[in-house]
$ cat my_file_34.csv   # CSV, C-alpha atoms and all ligand atoms
chain,number,residue,atom,x,y,z
A,1,MET,CA,-14.5,-24.7,-3.3
A,2,SER,CA,-13.6,-23.4,-6.8
A,3,LYS,CA,-10.1,-22.5,-7.6
A,4,HIS,CA,-11.0,-18.9,-8.4
A,5,ASN,CA,-12.1,-17.9,-4.9
A,6,THR,CA,-8.7,-17.7,-3.1
A,7,GLY,CA,-8.4,-14.6,-0.9
A,8,LEU,CA,-12.1,-14.2,-0.6
A,9,MET,CA,-12.7,-12.8,2.9
A,10,PRO,CA,-15.6,-11.3,4.7
A,11,GLY,CA,-15.4,-7.5,5.2
A,12,GLU,CA,-14.4,-6.2,8.7
A,13,LEU,CA,-17.1,-5.2,11.1
A,14,LYS,CA,-16.9,-3.9,14.7
A,15,THR,CA,-19.6,-6.2,15.9
A,16,GLN,CA,-20.0,-9.6,14.3
A,17,PRO,CA,-23.5,-10.8,13.8
A,18,ALA,CA,-22.3,-14.4,13.3
A,19,PRO,CA,-19.0,-16.3,13.9
A,20,PHE,CA,-16.3,-15.5,11.3
A,21,GLN,CA,-16.2,-19.1,10.2
A,22,ASP,CA,-19.9,-19.0,9.3
A,23,ARG,CA,-19.5,-15.7,7.4
A,24,TYR,CA,-16.6,-17.1,5.5
A,25,LYS,CA,-18.5,-20.2,4.5
A,26,ILE,CA,-21.6,-18.2,3.4
A,27,LEU,CA,-19.5,-15.7,1.5
A,28,HIS,CA,-18.0,-18.5,-0.6
A,29,LYS,CA,-21.5,-20.0,-1.2
A,30,LEU,CA,-22.6,-16.5,-2.3
A,31,PHE,CA,-19.7,-16.3,-4.6
A,32,ASP,CA,-20.5,-19.7,-6.2
A,33,GLN,CA,-24.1,-18.6,-6.6
A,34,LEU,CA,-23.1,-15.4,-8.3
A,35,THR,CA,-20.7,-17.2,-10.6
A,36,ARG,CA,-23.6,-19.4,-11.7
A,37,CYS,CA,-26.0,-16.5,-12.3
A,38,ARG,CA,-23.6,-14.1,-13.9
A,39,LEU,CA,-21.4,-16.0,-16.2
A,40,LYS,CA,-20.1,-13.0,-18.1
A,41,ALA,CA,-18.7,-11.0,-15.2
A,42,ASP,CA,-15.1,-11.5,-14.4
A,43,THR,CA,-14.0,-13.2,-11.2
A,44,SER,CA,-12.6,-10.2,-9.4
A,45,ARG,CA,-15.8,-8.3,-10.0
A,46,LEU,CA,-17.9,-11.3,-8.7
A,47,LYS,CA,-15.6,-11.5,-5.7
A,48,ARG,CA,-16.3,-7.8,-4.8
A,49,MET,CA,-20.0,-8.3,-5.4
A,50,ALA,CA,-20.1,-11.3,-3.0
A,51,ILE,CA,-18.1,-9.4,-0.4
A,52,GLU,CA,-20.4,-6.4,-0.6
A,53,LEU,CA,-23.6,-8.4,-0.4
A,54,GLU,CA,-22.4,-10.4,2.5
A,55,LEU,CA,-21.3,-7.3,4.3
A,56,ARG,CA,-24.7,-5.7,3.8
A,57,VAL,CA,-26.5,-8.7,5.2
A,58,ALA,CA,-24.1,-8.8,8.2
A,59,LYS,CA,-24.7,-5.1,8.8
A,60,VAL,CA,-28.5,-5.4,9.1
A,61,SER,CA,-28.3,-8.6,11.1
A,62,THR,CA,-28.4,-8.4,14.9
A,63,SER,CA,-28.0,-12.1,15.7
A,64,PRO,CA,-26.7,-15.3,14.1
A,65,GLN,CA,-30.3,-16.3,13.5
A,66,SER,CA,-31.2,-13.1,11.7
A,67,TYR,CA,-28.0,-13.3,9.7
A,68,ARG,CA,-28.9,-16.8,8.5
A,69,PHE,CA,-32.4,-15.8,7.8
A,70,HIS,CA,-31.6,-12.7,5.7
A,71,MET,CA,-28.8,-14.7,3.9
A,72,SER,CA,-31.2,-17.6,3.0
A,73,ILE,CA,-33.6,-15.2,1.5
A,74,LEU,CA,-30.8,-13.5,-0.5
A,75,LEU,CA,-29.5,-16.8,-1.8
A,76,ARG,CA,-33.0,-17.8,-2.8
A,77,ASP,CA,-33.7,-14.5,-4.6
A,78,LEU,CA,-30.4,-14.5,-6.4
A,79,VAL,CA,-31.5,-17.7,-8.1
A,80,LYS,CA,-35.1,-16.6,-8.6
A,81,GLU,CA,-34.3,-13.2,-10.1
A,82,LYS,CA,-31.2,-14.4,-11.9
A,83,ALA,CA,-29.0,-12.0,-9.9
A,84,ASN,CA,-30.9,-9.0,-11.2
A,85,PHE,CA,-30.0,-6.6,-8.3
A,86,LYS,CA,-32.8,-4.2,-9.1
A,87,LYS,CA,-35.3,-6.9,-8.0
A,88,ILE,CA,-33.5,-8.1,-4.9
A,89,LYS,CA,-34.0,-6.8,-1.4
A,90,ILE,CA,-32.0,-7.3,1.8
A,91,ALA,CA,-34.1,-6.9,5.0
A,92,GLY,CA,-36.8,-5.2,2.9
A,93,LYS,CA,-34.4,-2.7,1.4
A,94,GLN,CA,-33.6,-2.7,-2.3
A,95,ILE,CA,-29.9,-3.4,-3.0
A,96,MET,CA,-29.8,-1.2,-6.0
A,97,SER,CA,-32.3,1.6,-6.3
A,98,ASN,CA,-33.7,2.4,-9.7
A,99,THR,CA,-33.5,6.1,-9.3
A,100,LYS,CA,-30.2,6.8,-7.7
A,101,THR,CA,-27.1,4.7,-7.7
A,102,SER,CA,-24.7,5.1,-4.9
A,103,SER,CA,-21.3,6.0,-6.2
A,104,ASN,CA,-19.6,4.2,-3.4
A,105,SER,CA,-21.2,0.9,-4.1
A,106,LEU,CA,-19.1,-1.9,-5.5
A,107,ILE,CA,-22.2,-3.2,-7.3
A,108,ASN,CA,-22.4,0.0,-9.1
A,109,THR,CA,-21.6,-0.6,-12.7
A,110,LYS,CA,-21.5,3.0,-13.8
A,111,THR,CA,-18.3,3.8,-15.7
A,112,ARG,CA,-16.8,7.2,-15.3
A,113,ASP,CA,-15.4,9.5,-17.9
A,114,LYS,CA,-11.8,10.7,-17.7
A,115,ASP,CA,-12.6,14.4,-17.0
A,116,TYR,CA,-14.7,13.4,-14.0
A,117,VAL,CA,-11.8,11.3,-12.6
A,118,MET,CA,-9.1,13.9,-13.3
A,119,GLN,CA,-11.2,16.5,-11.5
A,120,LYS,CA,-11.6,14.2,-8.5
A,121,LEU,CA,-7.8,13.4,-8.5
A,122,THR,CA,-6.9,17.0,-8.8
A,123,ASP,CA,-9.0,17.8,-5.8
A,124,MET,CA,-7.1,15.2,-3.8
A,125,LEU,CA,-3.6,16.7,-4.5
A,126,ILE,CA,-1.8,17.5,-1.3
A,127,ASP,CA,-0.5,21.0,-0.6
A,128,PRO,CA,3.3,21.1,-0.9
A,129,LYS,CA,3.5,22.7,2.5
A,130,ILE,CA,1.8,19.7,4.0
A,131,LEU,CA,4.0,17.4,2.0
A,132,GLU,CA,7.0,19.1,3.5
A,133,LYS,CA,5.7,18.4,7.0
A,134,HIS,CA,5.5,14.8,6.1
A,135,LYS,CA,9.2,14.7,5.3
A,136,TYR,CA,8.9,15.2,1.5
A,137,ILE,CA,12.0,16.9,0.1
A,138,MET,CA,10.5,19.9,-1.7
A,139,SER,CA,13.6,22.1,-2.4
A,140,ARG,CA,17.3,21.7,-2.8
A,141,ILE,CA,18.1,24.3,-0.2
A,142,ILE,CA,20.6,23.4,2.5
A,143,PRO,CA,19.7,25.1,5.8
A,144,ASP,CA,22.2,27.8,7.0
A,145,ASP,CA,22.7,26.1,10.3
A,146,TYR,CA,23.6,22.8,8.6
A,147,THR,CA,27.1,21.5,9.5
A,148,ALA,CA,28.6,18.8,7.4
A,149,SER,CA,27.1,15.5,8.2
A,150,SER,CA,28.8,13.5,10.9
A,151,ASP,CA,31.2,10.6,10.3
A,152,TYR,CA,29.2,8.7,12.7
A,153,ALA,CA,25.6,7.3,12.6
A,154,ASN,CA,23.4,5.6,15.1
A,155,CYS,CA,22.4,2.0,14.0
A,156,GLU,CA,18.8,1.9,12.9
A,157,ARG,CA,18.4,-1.5,14.6
A,158,CYS,CA,20.5,-1.5,17.8
A,159,ASN,CA,21.1,2.2,18.2
A,160,THR,CA,24.8,1.7,18.7
A,161,LYS,CA,26.9,4.7,17.5
A,162,PHE,CA,29.4,3.6,14.8
A,163,LYS,CA,31.8,5.1,12.2
A,164,LYS,CA,30.1,5.1,8.8
A,165,SER,CA,33.4,4.5,7.0
A,166,LYS,CA,33.8,1.3,8.9
A,167,ILE,CA,30.3,-0.1,8.1
A,168,MET,CA,31.6,-3.0,6.0
A,169,LEU,CA,33.9,-4.3,8.7
A,170,ASP,CA,32.5,-7.2,10.6
A,171,THR,CA,30.9,-6.4,13.9
A,172,LEU,CA,28.0,-7.7,15.9
A,173,CYS,CA,24.6,-6.0,15.7
A,174,THR,CA,22.0,-7.5,18.0
A,175,TYR,CA,18.4,-6.4,17.5
A,176,HIS,CA,14.7,-7.2,17.3
A,177,PRO,CA,13.3,-7.2,13.8
A,178,GLN,CA,9.9,-5.9,15.0
A,179,LYS,CA,9.2,-2.8,17.0
A,180,LYS,CA,8.2,-3.2,20.7
A,181,ILE,CA,4.5,-2.9,21.5
A,182,TYR,CA,2.8,-1.8,24.7
A,183,ASN,CA,0.8,-4.4,26.6
A,184,LYS,CA,-2.0,-2.7,28.6
A,185,GLU,CA,-2.6,-5.6,31.0
A,186,SER,CA,0.9,-6.2,32.1
A,187,LYS,CA,1.9,-2.5,31.7
A,188,THR,CA,5.1,-3.5,30.0
A,189,HIS,CA,6.6,-3.3,26.5
A,190,MET,CA,7.3,-6.5,24.6
A,191,PHE,CA,8.8,-7.5,21.2
A,192,PRO,CA,6.3,-9.3,19.0
A,193,CYS,CA,9.1,-11.0,17.1
A,194,CYS,CA,10.1,-13.2,20.0
A,195,GLY,CA,7.8,-12.3,22.9
A,196,GLU,CA,10.6,-11.0,25.1
A,197,SER,CA,9.7,-8.1,27.4
A,198,THR,CA,11.8,-5.0,27.8
A,199,THR,CA,12.1,-5.7,31.6
A,200,SER,CA,13.4,-9.2,31.1
A,201,THR,CA,16.8,-10.0,32.6
A,202,SER,CA,17.7,-12.4,29.8
A,203,PHE,CA,20.2,-11.5,27.1
A,204,MET,CA,17.4,-12.0,24.6
A,205,ARG,CA,16.0,-8.7,25.8
A,206,LEU,CA,18.8,-7.0,23.7
A,207,GLY,CA,17.7,-8.7,20.5
A,208,CYS,CA,16.6,-12.0,19.1
A,209,LYS,CA,18.5,-11.5,15.8
A,210,LYS,CA,22.1,-11.0,15.1
A,211,ALA,CA,23.8,-9.4,12.1
A,212,GLU,CA,27.4,-8.7,11.1
A,213,HIS,CA,26.9,-5.1,10.3
A,214,HIS,CA,25.1,-2.0,11.7
A,215,VAL,CA,22.8,-0.2,9.3
A,216,PHE,CA,21.6,3.4,9.0
A,217,LYS,CA,19.1,5.7,7.2
A,218,ASN,CA,19.2,9.3,6.3
A,219,ASP,CA,16.2,11.5,5.9
A,220,SER,CA,17.4,15.1,5.6
A,221,TYR,CA,18.2,16.7,2.2
A,222,PRO,CA,21.9,17.5,2.9
A,223,GLU,CA,22.5,13.9,3.9
A,224,LEU,CA,20.5,12.3,1.2
A,225,ARG,CA,22.2,14.3,-1.5
A,226,GLU,CA,25.6,12.9,-0.5
A,227,ILE,CA,24.8,9.7,-2.4
A,228,SER,CA,23.2,11.4,-5.4
A,229,ASP,CA,21.5,14.8,-5.7
A,230,PHE,CA,17.8,15.2,-6.1
A,231,LEU,CA,16.3,15.8,-9.6
A,232,LYS,CA,13.4,18.2,-10.0
A,233,THR,CA,10.6,17.0,-12.2
A,234,SER,CA,9.6,20.6,-12.9
A,235,VAL,CA,12.2,20.7,-15.6
A,236,ILE,CA,10.6,17.8,-17.5
A,237,ASP,CA,7.8,18.7,-19.8
A,238,GLY,CA,5.2,16.1,-20.7
A,239,LYS,CA,1.7,14.9,-20.9
A,240,GLU,CA,-0.5,14.8,-17.8
A,241,ASN,CA,-0.8,11.2,-16.6
A,242,VAL,CA,-1.6,9.5,-13.3
A,243,LEU,CA,0.9,6.9,-12.0
A,244,ALA,CA,1.0,4.8,-8.9
A,245,LEU,CA,4.5,4.2,-7.6
A,246,ASP,CA,6.1,1.8,-5.1
A,247,CYS,CA,9.8,1.1,-4.3
A,248,GLU,CA,11.5,-1.6,-2.4
A,249,MET,CA,14.5,-0.6,-0.4
A,250,ALA,CA,17.6,-2.2,1.1
A,251,PHE,CA,20.3,-1.2,3.6
A,252,THR,CA,23.6,-0.6,1.9
A,253,SER,CA,27.0,0.8,2.9
A,254,LYS,CA,25.7,4.2,2.0
A,255,GLY,CA,22.4,4.1,3.9
A,256,PHE,CA,19.0,3.1,2.7
A,257,GLU,CA,18.6,2.7,-1.0
A,258,MET,CA,16.1,1.8,-3.7
A,259,VAL,CA,16.4,-1.8,-5.1
A,260,ARG,CA,13.2,-2.1,-7.1
A,261,LEU,CA,10.8,0.4,-8.7
A,262,THR,CA,7.3,-0.3,-10.0
A,263,ILE,CA,5.1,2.2,-11.8
A,264,VAL,CA,1.5,1.4,-12.7
A,265,ASP,CA,-0.8,3.4,-14.9
A,266,PHE,CA,-4.0,4.5,-13.2
A,267,PHE,CA,-6.3,4.4,-16.2
A,268,THR,CA,-5.1,1.2,-18.0
A,269,CYS,CA,-4.0,-0.6,-14.8
A,270,LYS,CA,-0.9,-1.6,-16.8
A,271,VAL,CA,2.5,-2.0,-15.1
A,272,LEU,CA,4.5,0.5,-17.1
A,273,PHE,CA,7.8,0.0,-15.4
A,274,ASP,CA,9.2,-2.7,-13.0
A,275,GLU,CA,12.9,-3.1,-12.6
A,276,ILE,CA,15.5,-4.1,-10.1
A,277,VAL,CA,17.8,-1.2,-9.3
A,278,GLU,CA,21.5,-1.3,-8.5
A,279,PRO,CA,22.2,0.9,-5.5
A,280,PHE,CA,25.4,3.0,-5.1
A,281,GLY,CA,26.5,1.3,-1.9
A,282,ASP,CA,27.4,-2.3,-1.2
A,283,ILE,CA,24.4,-4.3,-0.1
A,284,ILE,CA,24.3,-5.1,3.6
A,285,ASP,CA,20.7,-6.4,3.9
A,286,LEU,CA,18.1,-6.7,1.2
A,287,ASN,CA,15.3,-6.9,3.9
A,288,THR,CA,14.0,-9.9,1.8
A,289,LEU,CA,11.1,-10.5,4.3
A,290,PHE,CA,9.8,-7.0,3.5
A,291,SER,CA,11.3,-6.2,0.1
A,292,GLY,CA,10.7,-9.6,-1.6
A,293,ILE,CA,14.1,-9.1,-3.2
A,294,HIS,CA,16.5,-12.0,-3.2
A,295,SER,CA,20.2,-11.8,-3.8
A,296,GLU,CA,19.9,-13.6,-7.2
A,297,ASP,CA,17.4,-10.9,-8.3
A,298,MET,CA,20.3,-8.4,-8.1
A,299,GLU,CA,22.0,-10.0,-11.1
A,300,GLN,CA,19.6,-8.2,-13.4
A,301,ALA,CA,19.9,-4.9,-11.6
A,302,ILE,CA,20.1,-1.7,-13.6
A,303,PRO,CA,22.2,1.2,-12.4
A,304,TYR,CA,20.3,4.0,-10.7
A,305,LEU,CA,21.2,6.7,-13.3
A,306,ASP,CA,20.0,4.5,-16.2
A,307,ILE,CA,16.7,3.9,-14.3
A,308,MET,CA,16.3,7.7,-13.9
A,309,ASP,CA,16.9,8.2,-17.6
A,310,ARG,CA,14.1,5.8,-18.4
A,311,ILE,CA,11.5,7.1,-16.0
A,312,LEU,CA,12.0,10.9,-16.1
A,313,THR,CA,10.5,11.4,-19.6
A,314,THR,CA,7.6,13.1,-21.3
A,315,ASP,CA,5.7,9.9,-21.3
A,316,LEU,CA,6.4,8.7,-17.8
A,317,ILE,CA,7.3,10.9,-14.8
A,318,ASN,CA,7.2,14.6,-15.8
A,319,ARG,CA,6.1,17.9,-14.2
A,320,ASN,CA,2.4,17.2,-15.1
A,321,SER,CA,2.2,13.7,-13.6
A,322,ILE,CA,0.0,13.0,-10.7
A,323,LEU,CA,1.9,10.5,-8.5
A,324,ILE,CA,0.0,8.2,-6.2
A,325,GLY,CA,1.5,6.3,-3.3
A,326,HIS,CA,1.3,5.3,0.3
A,327,GLY,CA,3.9,7.1,2.4
A,328,LEU,CA,5.3,8.2,-0.9
A,329,GLU,CA,8.0,10.4,0.8
A,330,ASN,CA,10.0,7.2,1.5
A,331,ASP,CA,9.9,6.3,-2.2
A,332,LEU,CA,10.6,9.7,-3.6
A,333,ASN,CA,13.5,10.2,-1.1
A,334,VAL,CA,15.2,7.0,-2.2
A,335,MET,CA,14.4,7.9,-5.9
A,336,ARG,CA,15.9,11.3,-5.2
A,337,ILE,CA,13.2,13.3,-7.0
A,338,ILE,CA,11.3,16.4,-6.1
A,339,HIS,CA,7.7,16.5,-7.3
A,340,GLU,CA,4.7,18.6,-6.5
A,341,ARG,CA,1.6,16.8,-7.7
A,342,ILE,CA,1.2,14.1,-5.0
A,343,ILE,CA,-1.7,11.9,-3.7
A,344,ASP,CA,-0.5,10.1,-0.6
A,345,THR,CA,-3.1,7.7,0.9
A,346,ALA,CA,-1.1,7.5,4.2
A,347,ILE,CA,-1.7,11.3,4.6
A,348,LEU,CA,-5.2,11.3,3.3
A,349,PHE,CA,-6.7,8.4,5.2
A,350,SER,CA,-4.9,8.2,8.5
A,351,VAL,CA,-6.8,9.1,11.6
A,352,GLY,CA,-4.9,10.5,14.6
A,353,LYS,CA,-1.2,10.6,15.1
A,354,TYR,CA,0.0,7.4,13.6
A,355,LYS,CA,-0.2,6.6,9.9
A,356,THR,CA,-2.3,3.7,8.9
A,357,SER,CA,-0.5,0.8,7.1
A,358,LEU,CA,-1.3,0.1,3.5
A,359,LYS,CA,-2.2,-3.4,4.6
A,360,ASN,CA,-4.9,-2.2,7.0
A,361,LEU,CA,-6.1,0.5,4.6
A,362,THR,CA,-6.5,-2.0,1.8
A,363,PHE,CA,-8.4,-4.4,4.0
A,364,GLU,CA,-10.8,-1.7,5.3
A,365,THR,CA,-11.4,-0.2,1.9
A,366,LEU,CA,-11.3,-3.1,-0.4
A,367,SER,CA,-11.7,-6.2,1.9
A,368,GLU,CA,-8.5,-7.5,0.3
A,369,LYS,CA,-5.6,-9.0,2.0
A,370,ILE,CA,-2.1,-7.9,0.9
A,371,GLN,CA,1.4,-8.4,2.3
A,372,THR,CA,0.6,-11.7,3.7
A,373,GLY,CA,4.2,-12.8,2.9
A,374,GLU,CA,7.0,-11.0,1.3
A,375,HIS,CA,6.1,-7.5,0.0
A,376,ASP,CA,5.7,-7.0,-3.7
A,377,SER,CA,6.0,-3.4,-5.0
A,378,SER,CA,3.6,-4.1,-7.9
A,379,GLN,CA,1.0,-5.5,-5.6
A,380,ASP,CA,1.4,-2.5,-3.3
A,381,ALA,CA,1.2,0.1,-6.1
A,382,ILE,CA,-2.0,-1.5,-7.4
A,383,ALA,CA,-3.5,-1.7,-4.0
A,384,THR,CA,-2.9,2.0,-3.3
A,385,MET,CA,-4.4,2.9,-6.7
A,386,ASN,CA,-7.4,0.8,-6.1
A,387,VAL,CA,-8.0,2.4,-2.7
A,388,ILE,CA,-8.2,5.8,-4.5
A,389,LYS,CA,-10.5,4.4,-7.1
A,390,LYS,CA,-12.8,3.0,-4.5
A,391,LYS,CA,-12.8,6.4,-2.6
A,392,ILE,CA,-13.7,8.4,-5.7
A,393,GLY,CA,-16.3,5.8,-6.9
A,394,VAL,CA,-14.5,4.5,-10.0
A,395,PRO,CA,-15.0,0.9,-10.9
A,396,ILE,CA,-11.7,-0.8,-10.2
A,397,GLU,CA,-11.8,-2.9,-13.3
A,398,GLN,CA,-12.6,0.0,-15.7
A,399,VAL,CA,-9.8,0.2,-18.3
A,400,LYS,CA,-11.7,1.9,-21.2
A,401,TRP,CA,-12.1,5.7,-21.0
A,402,ASP,CA,-13.9,8.3,-23.2
B,501,ZN,ZN,12.7,-10.2,19.1
B,502,ZN,ZN,23.3,-2.3,15.0
$ encode --input "my_file_34.csv" --output "structure tokens"
Amino acid sequence: MSKHNTGLMPGELKTQPAPFQDRYKILHKLFDQLTRCRLKADTSRLKRMAIELELRVAKVSTSPQSYRFHMSILLRDLVKEKANFKKIKIAGKQIMSNTKTSSNSLINTKTRDKDYVMQKLTDMLIDPKILEKHKYIMSRIIPDDYTASSDYANCERCNTKFKKSKIMLDTLCTYHPQKKIYNKESKTHMFPCCGESTTSTSFMRLGCKKAEHHVFKNDSYPELREISDFLKTSVIDGKENVLALDCEMAFTSKGFEMVRLTIVDFFTCKVLFDEIVEPFGDIIDLNTLFSGIHSEDMEQAIPYLDIMDRILTTDLINRNSILIGHGLENDLNVMRIIHERIIDTAILFSVGKYKTSLKNLTFETLSEKIQTGEHDSSQDAIATMNVIKKKIGVPIEQVKWD
């Protein structure tokens, strides 16, 4: 196996024509073959070609035999036709038609111009009223019926009620790091972190993990503004740009706060901003498993207000920016900004009541695995951006625009 093909996985299918192991092996063979035929293409493009071709063969195959048959013809033709897709067929059908090219295809090499992309992105902007329903803070209005926030909070992990001013005093919080899931067969709830069921009589039922402090989150505007008030981007003039955002967050003595912010440019794929942020409160838990932030990273942290000075500018986030993210309300609420031009992949591509995870969406759309270990906000921002590119038919590797 070559060193370049890590992370190369067959695309997901409801019915498998052949065992996953076989598909995996063949996919890697296909990638090696493409690498030999198309020396000039870069590795990530070749990977996507291999995944797409394998998936097409898998889709037209009804049995392991037909899968192997179609695949052997494809591998033979790739060599014979020097990977010229216009001359290669899968199950009698041309891969790439001469007359019309499918805009969804990964094999499609057609580059797009900026106007086309801006139009598509503008069409995807979500109505502010819908944003509000998804817990985006859209105005700095405190409801009339709001009474000053309570001195108490319920722990996000163990649900114990505690006094917020005493949060830094040692206590015992027993909890499960993962949410319970329902098992249809046994008709019970269980915790995937430790396998304990909610009906168990063991003490483990209460939690498999212990911490010295409780933690809490706020999500209403009046509570969030207690740490720092929201800033409206509408007061910042600037050029129209398209930015993908992702934050990592941690539990602090003041609630749930931003500890890292990454901003990636949609057109150049460049990481424009990536810094560790110093929160207002004392850190209780960096959620390292999810945030990827370690305590030694905090030594280089920049205070929140300095971060805002650097990102709310005519060149970066301003009133004309289109901001892309997955469940972006969480990010904007810890950043404390109010913005109207939003593309949220969690709102756009979720089916049903529950929002899809970025991990699943990325796998379904791009056949790429992310968040296999600690999360990384730059990886997440890029994945979200690439999902959008795939959905609107823009080549992911295109960085030159007219
Ligand atoms: Zn557990
Ligand atoms: Zn607790």
$ closest_atom_pairs --input "my_file_34.csv" --of "chain A" --to "ligand ZN 501 (chain B)" --cutoff "6 Å" --atoms "all atoms listed in the file" --output "tab-separated table"
residue	atom	partner	partner_atom	distance
A:His176	CA	B:ZN501	ZN	4.0
A:Phe191	CA	B:ZN501	ZN	5.2
A:Cys193	CA	B:ZN501	ZN	4.2
A:Cys194	CA	B:ZN501	ZN	4.1
A:Gly207	CA	B:ZN501	ZN	5.4
A:Cys208	CA	B:ZN501	ZN	4.3
$ closest_residue --input "my_file_34.csv" --among "A:Gly281, A:Pro177, A:Gly325, A:Gly373" --to "ligand ZN 502 (chain B)" --atoms "only C-alpha atoms and all ligand atoms"
A:Pro177
$ residues_around --input "my_file_34.csv" --residues "Thr362 in chain A" --least-positions-apart "2" --cutoff "12 Å" --atoms "only C-alpha atoms" --output "ChimeraX atom specification"
/A:11-12,326,345-346,349,356-360,364-371,379-391
$ residues_near_ligand --input "my_file_34.csv" --ligand "ligand ZN 502 (chain B)" --cutoff "8 Å" --atoms "only C-alpha atoms and all ligand atoms" --output "list in words"
Asn154, Cys155, Glu156, Arg157, Cys158, Asn159, Thr160, Leu172, Cys173, Thr174, Tyr175, Ala211, His213, His214 and Val215 of chain A
$ residues_around --input "my_file_34.csv" --residues "Gly292 in chain A" --least-positions-apart "5" --cutoff "8 Å" --atoms "only C-alpha atoms" --output "VMD selection string"
chain A and resid 287 374 to 376
$ residues_around --input "my_file_34.csv" --residues "Val259 in chain A" --least-positions-apart "3" --cutoff "10 Å" --atoms "all atoms listed in the file" --output "list in words"
Cys247, Glu248, Met249, Ala250, Phe251, Phe256, Glu275, Ile276, Val277, Glu278, Pro279, Ile283, Leu286, Ser291, Ile293, Asp297, Met298, Ala301, Ile302, Pro303, Tyr304, Val334 and Met335 of chain A
$ closest_residue --input "my_file_34.csv" --among "A:Leu125, A:Arg319, A:Ile337, A:Ser165" --to "Asp229 in chain A" --atoms "all atoms listed in the file"
A:Ile337
$ closest_residue --input "my_file_34.csv" --among "A:Val399, A:Ala153, A:Leu30, A:Ile137" --to "Leu328 in chain A" --atoms "all atoms listed in the file"
A:Ile137
$ closest_residue --input "my_file_34.csv" --among "A:Arg68, A:Lys400, A:His189, A:Arg341" --to "Asp123 in chain A" --atoms "only C-alpha atoms"
A:Arg341
$ closest_residue --input "my_file_34.csv" --among "A:Asp145, A:Glu212, A:Glu340, A:Asp115" --to "Thr171 in chain A" --atoms "only C-alpha atoms"
A:Glu212
